[in-house]
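*Asks:* Okay, here's the structure, questions in a sec.
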Number of protein chains: 4
Amino acid sequence: VTRLVAPPTPQPDVARFASIRDATVELAAPLSAEDCALQSMPDASPVKWHLAHTSWFFETFVLRPAVPGYRERHPAYADLFNSYYQSVGEPFPRPQRGMLSRPSLDEVHAYRRHVDEAMAALLARGVTGPLAGVVELGLQHEQQHQELILTDVKHLLSCNPLRPAYRAGPEAVTPERVEGGGRAPLRWHGHPGGIAWIGAAGEGFAFDNESPRHRHLLTPFALADRLVTNGEWLAFLEDQGYARPELWLSDGFATVRAEGWHAPLYWEREGGNPDGAWRQFTHHGLRPLELDAPVCHVSAYEADAYARWAGARLPAEAEWEAVAAPVAVRGNFLESGRLRPAPADARAAASPALQLFGDAWEWTRSAYGPYPGYAPPTGALGEYNGKFMCNQLVLRGGACTTPASHARASYRNFFPPSARWQMTGVRLAKDLT
Amino acid sequence: VTRLVAPPTPQPDVARFASIRDATVELAAPLSAEDCALQSMPDASPVKWHLAHTSWFFETFVLRPAVPGYRERHPAYADLFNSYYQSVGEPFPRPQRGMLSRPSLDEVHAYRRHVDEAMAALLARGVTGPLAGVVELGLQHEQQHQELILTDVKHLLSCNPLRPAYRAGPEAVTPERVEGGGRAPLRWHGHPGGIAWIGAAGEGFAFDNESPRHRHLLTPFALADRLVTNGEWLAFLEDQGYARPELWLSDGFATVRAEGWHAPLYWEREGGNPDGAWRQFTHHGLRPLELDAPVCHVSAYEADAYARWAGARLPAEAEWEAVAAPVAVRGNFLESGRLRPAPADARAAASPALQLFGDAWEWTRSAYGPYPGYAPPTGALGEYNGKFMCNQLVLRGGACTTPASHARASYRNFFPPSARWQMTGVRLAKDLT
Amino acid sequence: VTRLVAPPTPQPDVARFASIRDATVELAAPLSAEDCALQSMPDASPVKWHLAHTSWFFETFVLRPAVPGYRERHPAYADLFNSYYQSVGEPFPRPQRGMLSRPSLDEVHAYRRHVDEAMAALLARGVTGPLAGVVELGLQHEQQHQELILTDVKHLLSCNPLRPAYRAGPEAVTPERVEGGGRAPLRWHGHPGGIAWIGAAGEGFAFDNESPRHRHLLTPFALADRLVTNGEWLAFLEDQGYARPELWLSDGFATVRAEGWHAPLYWEREGGNPDGAWRQFTHHGLRPLELDAPVCHVSAYEADAYARWAGARLPAEAEWEAVAAPVAVRGNFLESGRLRPAPADARAAASPALQLFGDAWEWTRSAYGPYPGYAPPTGALGEYNGKFMCNQLVLRGGACTTPASHARASYRNFFPPSARWQMTGVRLAKDLT
Amino acid sequence: VTRLVAPPTPQPDVARFASIRDATVELAAPLSAEDCALQSMPDASPVKWHLAHTSWFFETFVLRPAVPGYRERHPAYADLFNSYYQSVGEPFPRPQRGMLSRPSLDEVHAYRRHVDEAMAALLARGVTGPLAGVVELGLQHEQQHQELILTDVKHLLSCNPLRPAYRAGPEAVTPERVEGGGRAPLRWHGHPGGIAWIGAAGEGFAFDNESPRHRHLLTPFALADRLVTNGEWLAFLEDQGYARPELWLSDGFATVRAEGWHAPLYWEREGGNPDGAWRQFTHHGLRPLELDAPVCHVSAYEADAYARWAGARLPAEAEWEAVAAPVAVRGNFLESGRLRPAPADARAAASPALQLFGDAWEWTRSAYGPYPGYAPPTGALGEYNGKFMCNQLVLRGGACTTPASHARASYRNFFPPSARWQMTGVRLAKDLT
């Protein structure tokens with residue numbers, strides 16, 4: 001049996017629980033009930049659903065099993081806000097999450113408070129052992145959905161010809177705006193290969209898919225010291241990159257044709273004019289394309305084609321981790337439910353580094369699969385990660401929309417190669433021989 | 001050139017304008033902003049969209065052309081709330097109407113007030129001639145959308161496993177609840193055939209598709225004196241009506257199989273139990289199936305199959321009109337934005353009659369097409385009715401969700417034969433030879 | 001009960017039976033076994049299937065019920081070659097007819113001979129009464145499939161970039177090549193309106209859908225004296241006819257966009273060059289577009305848009321029949337399984353006439369439905385025509401691929417408005433007021 | 001630059017060329033022109049297309065570039081029989097390969113002879129260097145298509161309710177019939193882990209995707225000594241394996257539901273009766289299910305679910321290769337275009353072994369990707385393998401339909417996880433800790 005979390009879980013902290021839960025609410029604060037109810041595509045969920053589902057998690061996996069006499073808020077929520085756990089009910093179909101005007105946003109917030117109060121009472125009584133692990137998992141899960149709230153609502157707002165902003169303000173840091181951009185020529189950071197330890201080291205929380213820690217044999221390689229920028233992508237685009245099949249994986253080029261892709265998601269020409277200046281839809285509305293910022297919202301297919309065009313390739317996830325593990329985590333992150341600019345000194349420190357965290361998720365060439373010896377936890381929580389180990393690619397690092405505590409070298413994010421609505425960017429790699 | 005409205009249009013009345021516009025707002029009153037924002041299927045529109053589109057109509061066809069210096073509320077609304085008028089812009093795609101959390105419901109109400117104020121000022125100055133006809137058309141159009149608000153929101157709420165009610169209240173009259181139900185055996189009302197005048201007689205408003213009035217030759221026939229009831233439909237269902245291809249049109253049976261139809265829309269077994277009692281989703285939530293009430297929410301395919309099973313057929317639209325024209329209009333209707341029960345004496349009067357208006361729309365076997373000599377109006381308003389004269393069937397009569405002033409013998413409603421979310425029922429007909 | 005065929009059916013003639021059956025075989029003669037096996041789209045069937053299905057008809061409706069001890073060729077054929085008769089088995093799915101490499105073409109020909117021998121023996125013994133009517137229906141049915149063989153194989157061959165010919169030969173008359181083409185200016189043939197008798201008069205065979213003969217009231221109208229030509233269509237096309245939504249029915253323009261239509265089916269530019277000369281794929285391969293020949297292979301949507309562009313409309317089927325009934329049938333037809341040019345004197349005679357038969361099927365604006373008093377025959381043959389009376393439009397006249405004996409004023413062909421692979425053309429009509 | 005073939009390629013042998021080319025023709029010999037023309041699904045191709053495409057390969061990559069004055073058979077074949085090489089033309093769309101009744105099968109055979117004669121002349125003059133490598137690649141490619149001919153035609157014939165046999169004969173060895181079946185209890189073959197050399201060793205031909213040979217670090221594991229049998233699969237099926245979501249990958253269970261899978265492809269109940277005995281469609285028609293034979297025609301999703309049900313997992317491709325590399329290749333194979341039983345002594349020798357080759361392709365859990373240092377060849381042949389390195393899983397071993405010379409430890413076959421029409425089976429693996 002696999003442990004869900006690597007180290008003995010400390011007793012959950014009431015204040016930390018409240019802080020993380022409140023951060024989710026704060027993320028939804030700029031949004032109206034209407035904004036929170038809509039679903040723009042089957043891949044994305046309404047913000048209201050995220051607010052409810054993260055509460056459902058604690059109700060289903062902590063309160064109902066562990067609190068005698070716990071009274072659930074509403075019997076229908078058990079299925080309505082179940083995402084995909086077939087073992088604990090019949091999840092309401094994902095593509096229909098946007099059909100639910102009821103419960104209202106107000107009622108969902110009441111549901112959150114109902115769960116939070118019961119959780120506070122439980123935590124005050126003290127929670128240890130496996131249940132403490134489940135509480136911690138629930139908080140990590142909550143933070144994952146914080147990022148999804150930001151990416152899903154961005155997609156929804158982008159479908160609106162009014163191109164509304166998620167949050168206004170001149171001081172705002174756009175998620176795409178990251179430091180250490182592309183004016184400097186790209187340099188290569190070499191690695192001699194050999195055996196590397198891969199996977200969660202057992203200090204602090206990690207998801208089951210980061211285990212077991214194991215040895216992996218690497219051949220010599222190099223990683224770029226920074227991400228590909230919008231300006232570089234523009235050169236690819238102007239070199240007819242989207243029209244040259246020889247640069248693409250077969251499935252990738254088929255997708256380009258079927259979807260009519262000709263630029264990253266959220267890029268558009270000013271006024272729809274074919275000669276208009278490029279603009280980029282952000283959480284703060286339409287903005288001019290920043291040439292020095294990392295390119296974002298590209299699929300793995302596009303990342304792979306760009307790399308081939310550039311005479312390079314995407315990194316393997318173990319290569320990335322071998323380089324990232326010794327690097328101190330720096331960058332911009334989501335904190336307390338706000339997109340915040342990093343302090344100026346943190347930015348300065350991050351600049352000469354490898355820009356590994358806090359900018360954009362980095363596509364790898366590695367299919368998402370189990371590590372040697374991996375087995376999912378028993379019970380419903382075994383459905384958390386393991387059952388998605390097919391047809392997806394691993395992403396590493398983390399974006400400026402990722403909660404800071406998720407920035408670790410062993411973290412494995414995963415999406416299908418065609419996904420573009422996450423904050424996904426590109427780092428180049430190459431073989432050293 | 002066809003006249004849009006049959007008689008010389010009287011000068012529009014400010015009070016009547018306000019009353020009809022207000023009725024639309026009252027219909028939306030029981031709904032939250034979330035209820036008003038969602039779209040349950042491409043055929044249906046969000047309530048918010050209906051509220052905005054009906055205002056767009058006056059802005060586009062009255063205020064912008066006729067009021068010098070009129071300032072539109074927002075330049076984007078011209079396309080955003082255009083339904084299908086290709087001549088006046090690029091309509092925002094219908095299946096994406098549910099992607100619009102902005103403008104908010106509050107802003108849409110402000111848009112309505114903006115238009116209403118400008119219209120009030122215009123009407124106060126006096127409007128005559130063709131423009132008066134357009135104002136009248138806008139009001140009739142507004143009333144059509146009142147009915148669509150009720151059917152579209154009903155569909156939306158039915159997709160929610162909570163089965164929420166549009167409006168609560170024990171006194172409520174459900175739209176399906178109609179008088180003169182099916183306990184009495186069905187009787188036949190004969191007609192000798194011969195030449196009948198069909199189409200709008202020129203007294204009061206009529207849509208262009210009701211013209212020109214013309215003579216039509218009928219063979220002898222009979223119409224049932226009442227609509228088919230839920231109880232009778234249950235007998236069809238229990239006789240395996242949905243499983244017997246010989247009863248169905250070819251396209252109808254293919255649809256039954258593809259969609260898995262086995263009962264009218266909104267019928268469900270209690271608790272999802274195959275042996276549970278039949279229940280029916282209404283504007284007032286789930287209710288027991290009323291056996292004496294007219295069956296509602298059946299497609300033309302189902303209506304046709306039922307008729308064949310019953311040894312009868314559907315009426316032709318001219319047959320229906322020939323019978324209905326001399327009949328005084330009675331029944332339950334939508335008035336002032338409320339679903340109201342008819343006064344008791346009106347009910348009594350309606351009972352022995354043919355139940356032609358105010359219960360459920362009646363499918364005919366007649367394809368929706370132009371009358372001899374018909375030509376649509378010139379200009380954008382020519383897109384109102386004429387361009388849909390293909391692949392649709394005519395419905396006659398009117399439902400309890402239909403504004404009372406739309407109950408007239410010449411009115412031609414139309415939907416594709418597969419549509420079920422409107423308040424559509426069945427009257428039988430047969431040949432007399 | 002409706003009679004299947006109008007007059008008392010004469011005793012079927014052995015020689016006529018053989019002649020019609022042989023004509024079908026002759027139509028397939030220029031084709032290889034491979035040509036006969038393929039299915040190019042669900043609407044079309046492989047030639048081999050037509051050869052088998054027409055035999056299945058006699059086996060199922062004549063031999064099996066009427067010949068004691070009849071031994072069927074193969075038990076699986078009962079379902080395999082059933083087109084859509086749900087009452088007599090489970091038809092093999094239409095879209096999969098092209099999955100059948102077995103039985104081979106040779107075996108299908110053997111099946112035909114097997115059926116023909118049994119039929120010859122039966123007919124030699126004499127057949128009378130209702131069974132004689134079924135034999136006649138089988139022959140008429142066979143002739144309908146002769147035309148379908150020609151249109152279906154044309155579609156298949158058109159999908160091949162080699163653009164192979166169905167049959168070569170310099171003397172060949174292409175199906176599209178018709179006399180009386182468009183150099184002469186179009187003239188209008190007026191009709192005063194009034195009551196007309198519509199439907200089969202009872203002399204000779206007619207399908208059930210041509211009955212009952214009944215009176216119909218017409219308003220004054222005029223029909224064009226000839227069909228629209230390719231040259232005229234080119235003017236429509238060059239006037240941006242396919243890009244102007246105001247000319248189209250709503251469903252029509254949606255289809256134009258979804259399918260990318262920009263010209264009639266089978267028109268292509270020489271060499272795929274946007275400026276290349278127009279060419280037309282025919283049964284004899286690619287040929288230059290004949291400007292004086294009637295336009296062919298247009299959908300009802302296109303026909304309707306063209307008519308609107310030309311300031312006219314499509315005829316109603318009763319209008320067409322009222323004009324056609326007194327006209328002697330002349331033109332080019334399919335005879336004895338060959339596409340034959342009409343004799344020169346017949347051409348001359350046809351020229352000044354209304355070109356009503358033998359050129360291209362003429363779309364009407366009339367939805368295909370039952371005549372007053374119509375009821376389909378009882379039993380499986382009731383599925384022949386009645387169950388398609390929805391979502392289709394009536395076509396009148398007949399093409400040069402239509403067997404000559406099918407050219408009659410009361411004949412009702414029917415296809416969905418989007419169909420283009422039949423030999424469908426356009427005659428204009430207009431109101432006289 | 002990657003070498004296409006590992007070792008210096010010997011000068012191609014005229015006799016070997018002819019032998020392999022003839023074997024392809026022999027495989028098609030039992031089939032009619034009709035059998036060879038049809039396409040049963042987009043994944044599969046008509047046999048005629050395989051016959052032509054393999055000739056196209058030599059024409060395109062050998063004859064046209066290397067033989068001055070070579071006259072191609074037909075200019076249209078360059079695109080018509082191009083599979084997916086975007087660099088050398090516009091491939092005819094794969095899903096439409098079944099639309100081509102022309103060129104005829106006879107003409108395709110003539111095309112083969114045309115190419116073979118030109119190749120024979122070229123080979124007789126002597127071919128060396130890179131061109132010799134391309135000739136060898138063409139022969140290996142030809143053999144891959146020999147296997148595809150067998151699997152594609154099997155799928156086509158299975159769509160026919162007559163369930164025809166590819167080739168009859170009591171002596172026939174069915175492809176599924178393999179030795180060493182499942183009566184013996186499954187035993188585990190342990191491996192201590194450590195560094196293994198993976199990839200083509202440089203002796204004999206190998207595809208580019210088998211290179212570069214490199215070291216890979218393995219953790220201790222065990223492989224089953226034989227494949228899972230039909231009998232064992234039946235137990236899985238009877239334990240409701242297809243209905244239990246907890247056993248499945250998320251995409252796998254979604255596919256099970258969408259496709260209605262409930263047993264391996266080609267399993268059916270006798271007479272369609274739910275209680276009928278299980279039968280299996282083979283190249284020799286319907287046969288009783290052999291319980292001791294390896295299960296075949298399962299997707300990777302099913303293989304994975306079975307493994308989870310059995311308390312095991314699928315092997316990684318490196319695990320498989322580490323075990324297989326030292327094992328002598330034995331088994332049944334496709335030889336000279338015939339499905340042949342292995343000699344009795346070979347069978348005996350194979351029985352106690354690990355049954356690694358010649359039975360059924362074995363799904364691994366490994367996504368198909370590039371080996372460290374891999375780069376595709378330059379030019380059009382670089383499209384051969386590399387561009388498919390996404391969304392596919394690796395299969396190892398080889399089936400009884402695989403040419404014997406393709407049975408090598410480093411061979412990497414690949415298909416999407418949902419593919420079932422190949423001869424795909426299951427070997428279990430587990431971790432040793």
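Residues in the structure tokens are numbered from 1 in each chain, the chains being A, B, ... in the order shown, and ligands are numbered from 1 in the order shown.
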List as a list in words the protein and nucleic acid residues near Pro264 in chain A, meaning an atom at most 10 Å away when only C-alpha atoms are counted, but skip any in the same chain fewer than 5 places from it.
*Replies:*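 The neighbour list is Asn230, Trp233, Leu234, Leu237, Gln280, Val295, Cys296, His297, Val298, Ser299, Glu302, Arg420 and Trp421 of chain A.
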*Asks:* Write to file, as an mmCIF file, in the first residue's frame, the residues of the selection just made, with C-alpha atoms.
*Replies:*
```
data_model
loop_
_atom_site.group_PDB
_atom_site.id
_atom_site.type_symbol
_atom_site.label_atom_id
_atom_site.label_comp_id
_atom_site.auth_asym_id
_atom_site.auth_seq_id
_atom_site.Cartn_x
_atom_site.Cartn_y
_atom_site.Cartn_z
ATOM 1 C CA ASN A 230 6.491 35.836 -27.112
ATOM 2 C CA TRP A 233 7.297 32.730 -30.870
ATOM 3 C CA LEU A 234 6.437 35.538 -33.242
ATOM 4 C CA LEU A 237 4.873 32.229 -36.542
ATOM 5 C CA GLN A 280 -3.144 39.111 -25.786
ATOM 6 C CA VAL A 295 4.973 32.623 -24.304
ATOM 7 C CA CYS A 296 1.961 31.105 -22.604
ATOM 8 C CA HIS A 297 -1.154 29.136 -23.557
ATOM 9 C CA VAL A 298 0.478 26.892 -26.098
ATOM 10 C CA SER A 299 -0.301 23.204 -26.413
ATOM 11 C CA GLU A 302 2.919 23.677 -30.495
ATOM 12 C CA ARG A 420 -4.040 25.290 -24.212
ATOM 13 C CA TRP A 421 -6.125 27.006 -21.574
#
```
*Asks:* If we count only C-alpha atoms, which residues of chain B reach to within 10 Å of chain C? Please list them as an NGL selection string.
*Replies:* :B and (84-87 or 195 or 214-221 or 244-253 or 301 or 313 or 316 or 365-370 or 372-375 or 379-380 or 382-383 or 386-393 or 416-417 or 430-433)
*Asks:* Rank nothing, just name the residue among D:His155, D:Glu142, D:Pro161, D:Ile149 nearest to Pro91 in chain C, using only C-alpha atoms.
*Replies:* D:Pro161
*Asks:* Could you pull the residues within 9 Å of Met119 in chain D, counting only C-alpha atoms, minus those fewer than 3 positions along the same chain, as a ChimeraX atom specification?
*Replies:* /D:14,17,58-59,62-63,114-116,122-124
*Asks:* Output all heavy atoms for every residue in that selection, as a compact mmCIF listing (two decimals), in the first residue's frame.
*Replies:*
```
# COMPACT_ATOMS: atom_id res chain seq x y z
N VAL D 14 18.47 -9.56 -55.16
CA VAL D 14 17.34 -9.60 -56.09
C VAL D 14 16.34 -10.67 -55.69
O VAL D 14 15.11 -10.45 -55.70
CB VAL D 14 17.82 -9.85 -57.53
CG1 VAL D 14 16.64 -9.86 -58.49
CG2 VAL D 14 18.85 -8.80 -57.94
N PHE D 17 14.39 -9.62 -52.60
CA PHE D 17 13.41 -8.60 -53.00
C PHE D 17 12.17 -9.26 -53.60
O PHE D 17 11.03 -8.99 -53.19
CB PHE D 17 14.05 -7.63 -54.00
CG PHE D 17 13.11 -6.55 -54.46
CD1 PHE D 17 13.03 -5.35 -53.77
CD2 PHE D 17 12.27 -6.74 -55.56
CE1 PHE D 17 12.15 -4.35 -54.18
CE2 PHE D 17 11.38 -5.75 -55.96
CZ PHE D 17 11.34 -4.55 -55.27
N PHE D 58 8.65 2.18 -53.18
CA PHE D 58 9.85 1.97 -54.00
C PHE D 58 9.92 2.98 -55.15
O PHE D 58 10.98 3.48 -55.50
CB PHE D 58 9.89 0.54 -54.54
CG PHE D 58 10.17 -0.48 -53.48
CD1 PHE D 58 9.17 -1.34 -53.02
CD2 PHE D 58 11.44 -0.58 -52.90
CE1 PHE D 58 9.43 -2.27 -52.02
CE2 PHE D 58 11.70 -1.51 -51.90
CZ PHE D 58 10.69 -2.36 -51.46
N GLU D 59 8.77 3.28 -55.72
CA GLU D 59 8.76 4.24 -56.82
C GLU D 59 9.21 5.61 -56.34
O GLU D 59 10.00 6.30 -57.00
CB GLU D 59 7.35 4.31 -57.41
CG GLU D 59 7.25 5.16 -58.65
CD GLU D 59 5.90 5.02 -59.34
OE1 GLU D 59 4.90 5.49 -58.75
OE2 GLU D 59 5.82 4.46 -60.45
N VAL D 62 13.00 5.21 -54.22
CA VAL D 62 14.13 4.55 -54.90
C VAL D 62 14.14 4.89 -56.39
O VAL D 62 15.10 5.47 -56.90
CB VAL D 62 14.08 3.01 -54.70
CG1 VAL D 62 15.24 2.35 -55.44
CG2 VAL D 62 14.09 2.67 -53.21
N LEU D 63 13.08 4.53 -57.08
CA LEU D 63 13.14 4.61 -58.54
C LEU D 63 13.19 6.05 -59.06
O LEU D 63 14.02 6.38 -59.90
CB LEU D 63 11.94 3.87 -59.15
CG LEU D 63 11.95 2.36 -58.88
CD1 LEU D 63 10.64 1.72 -59.36
CD2 LEU D 63 13.15 1.69 -59.58
N HIS D 114 5.19 -3.40 -62.77
CA HIS D 114 5.95 -2.29 -63.34
C HIS D 114 7.08 -1.88 -62.41
O HIS D 114 8.23 -1.71 -62.82
CB HIS D 114 4.97 -1.12 -63.57
CG HIS D 114 5.60 0.13 -64.08
ND1 HIS D 114 5.80 0.39 -65.41
CD2 HIS D 114 6.07 1.23 -63.42
CE1 HIS D 114 6.37 1.58 -65.56
NE2 HIS D 114 6.54 2.11 -64.36
N VAL D 115 6.75 -1.73 -61.13
CA VAL D 115 7.76 -1.33 -60.15
C VAL D 115 8.77 -2.45 -59.94
O VAL D 115 9.98 -2.22 -59.88
CB VAL D 115 7.06 -0.94 -58.83
CG1 VAL D 115 8.07 -0.85 -57.69
CG2 VAL D 115 6.30 0.37 -59.00
N ASP D 116 8.29 -3.69 -59.86
CA ASP D 116 9.20 -4.80 -59.62
C ASP D 116 10.21 -4.95 -60.75
O ASP D 116 11.39 -5.24 -60.51
CB ASP D 116 8.41 -6.11 -59.46
CG ASP D 116 7.69 -6.17 -58.11
OD1 ASP D 116 7.97 -5.30 -57.25
OD2 ASP D 116 6.85 -7.07 -57.92
N LEU D 122 17.33 -2.33 -61.55
CA LEU D 122 18.21 -1.51 -60.72
C LEU D 122 19.08 -2.39 -59.83
O LEU D 122 20.31 -2.21 -59.74
CB LEU D 122 17.37 -0.56 -59.85
CG LEU D 122 18.14 0.26 -58.82
CD1 LEU D 122 19.08 1.25 -59.49
CD2 LEU D 122 17.19 1.01 -57.89
N LEU D 123 18.46 -3.36 -59.18
CA LEU D 123 19.22 -4.22 -58.27
C LEU D 123 20.25 -5.03 -59.04
O LEU D 123 21.35 -5.30 -58.53
CB LEU D 123 18.27 -5.16 -57.50
CG LEU D 123 17.28 -4.45 -56.55
CD1 LEU D 123 16.34 -5.48 -55.92
CD2 LEU D 123 18.02 -3.68 -55.47
N ALA D 124 19.90 -5.40 -60.26
CA ALA D 124 20.86 -6.17 -61.05
C ALA D 124 22.10 -5.33 -61.37
O ALA D 124 23.21 -5.87 -61.46
CB ALA D 124 20.19 -6.63 -62.36
```
*Asks:* For Gln140 in chain A, which residue among A:Arg21, A:His74, A:His262, A:Arg279 is the nearest when counting only C-alpha atoms?
*Replies:*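 Nearest to Gln140 in chain A: A:Arg21.
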*Asks:* Can you measure CA of Ala324 in chain C to CA of Tyr371 in chain B for me? One decimal in Å is fine.
*Replies:*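 Those two atoms sit 22.0 Å apart.
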*Asks:* What's the separation between CA of Glu268 in chain C and CA of Val256 in chain A, in Å to one decimal place?
*Replies:*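 Pair CA of Glu268 in chain C / CA of Val256 in chain A returns 27.1 Å.
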*Asks:* Could you jot down the CA of Ala110 in chain C to CA of Val25 in chain C separation for me, Å, one decimal place?
*Replies:*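 Value for the CA of Ala110 in chain C-CA of Val25 in chain C distance: 11.6 Å.
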*Asks:* Skip Leu227 in chain C itself and residues of its chain fewer than 4 positions away, then list as a PyMOL selection string all residues within 7 Å of it, counting only C-alpha atoms.
*Replies:* chain C and resi 294+426-427
*Asks:* For the selection just defined, write its residues with C-alpha atoms to a file, as a tab-separated table (two decimals), in the first residue's frame.
*Replies:*
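Result written to again-v8.tsv:
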```
chain	number	residue	atom	x	y	z
C	294	PRO	CA	-30.06	22.99	-67.82
C	426	VAL	CA	-34.80	24.42	-61.49
C	427	ARG	CA	-37.88	25.85	-63.18
```
*Asks:* As a PyMOL selection string, please: every residue in range 110-220 of chain C that a backbone DSSP assignment puts in helix (DSSP H, G or I).
*Replies:* chain C and resi 110-125+129-158+208-210
*Asks:* Do a neighbour search on Pro164 in chain D at 8 Å with only C-alpha atoms, toss out local chain neighbours closer than 4 positions, and write the hits as a PyMOL selection string.
*Replies:* (chain C and resi 102) or (chain D and resi 157-158+160+284-285)
*Asks:* With N, CA and C atoms retained, could you export that selection as a PDB file, in the first residue's frame?
*Replies:*
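Everything below was put into again11.pdb:
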```
ATOM      1  N   ARG C 102     -18.904  -9.639 -49.756  1.00  0.00           N
ATOM      2  CA  ARG C 102     -19.665 -10.853 -50.055  1.00  0.00           C
ATOM      3  C   ARG C 102     -21.120 -10.612 -49.697  1.00  0.00           C
TER       4      ARG C 102
ATOM      5  N   LEU D 157     -14.006  -8.291 -43.012  1.00  0.00           N
ATOM      6  CA  LEU D 157     -14.859  -9.483 -43.105  1.00  0.00           C
ATOM      7  C   LEU D 157     -15.733  -9.620 -41.865  1.00  0.00           C
ATOM      8  N   SER D 158     -15.242  -9.139 -40.734  1.00  0.00           N
ATOM      9  CA  SER D 158     -16.028  -9.245 -39.502  1.00  0.00           C
ATOM     10  C   SER D 158     -17.261  -8.349 -39.534  1.00  0.00           C
ATOM     11  N   ASN D 160     -19.243  -8.112 -41.926  1.00  0.00           N
ATOM     12  CA  ASN D 160     -20.214  -8.749 -42.806  1.00  0.00           C
ATOM     13  C   ASN D 160     -20.988  -9.793 -41.994  1.00  0.00           C
ATOM     14  N   HIS D 284     -10.474 -17.698 -40.317  1.00  0.00           N
ATOM     15  CA  HIS D 284     -11.118 -18.886 -40.877  1.00  0.00           C
ATOM     16  C   HIS D 284     -12.587 -18.926 -40.521  1.00  0.00           C
ATOM     17  N   GLY D 285     -13.154 -17.745 -40.269  1.00  0.00           N
ATOM     18  CA  GLY D 285     -14.577 -17.667 -39.953  1.00  0.00           C
ATOM     19  C   GLY D 285     -14.818 -17.790 -38.458  1.00  0.00           C
TER      20      GLY D 285
END
```
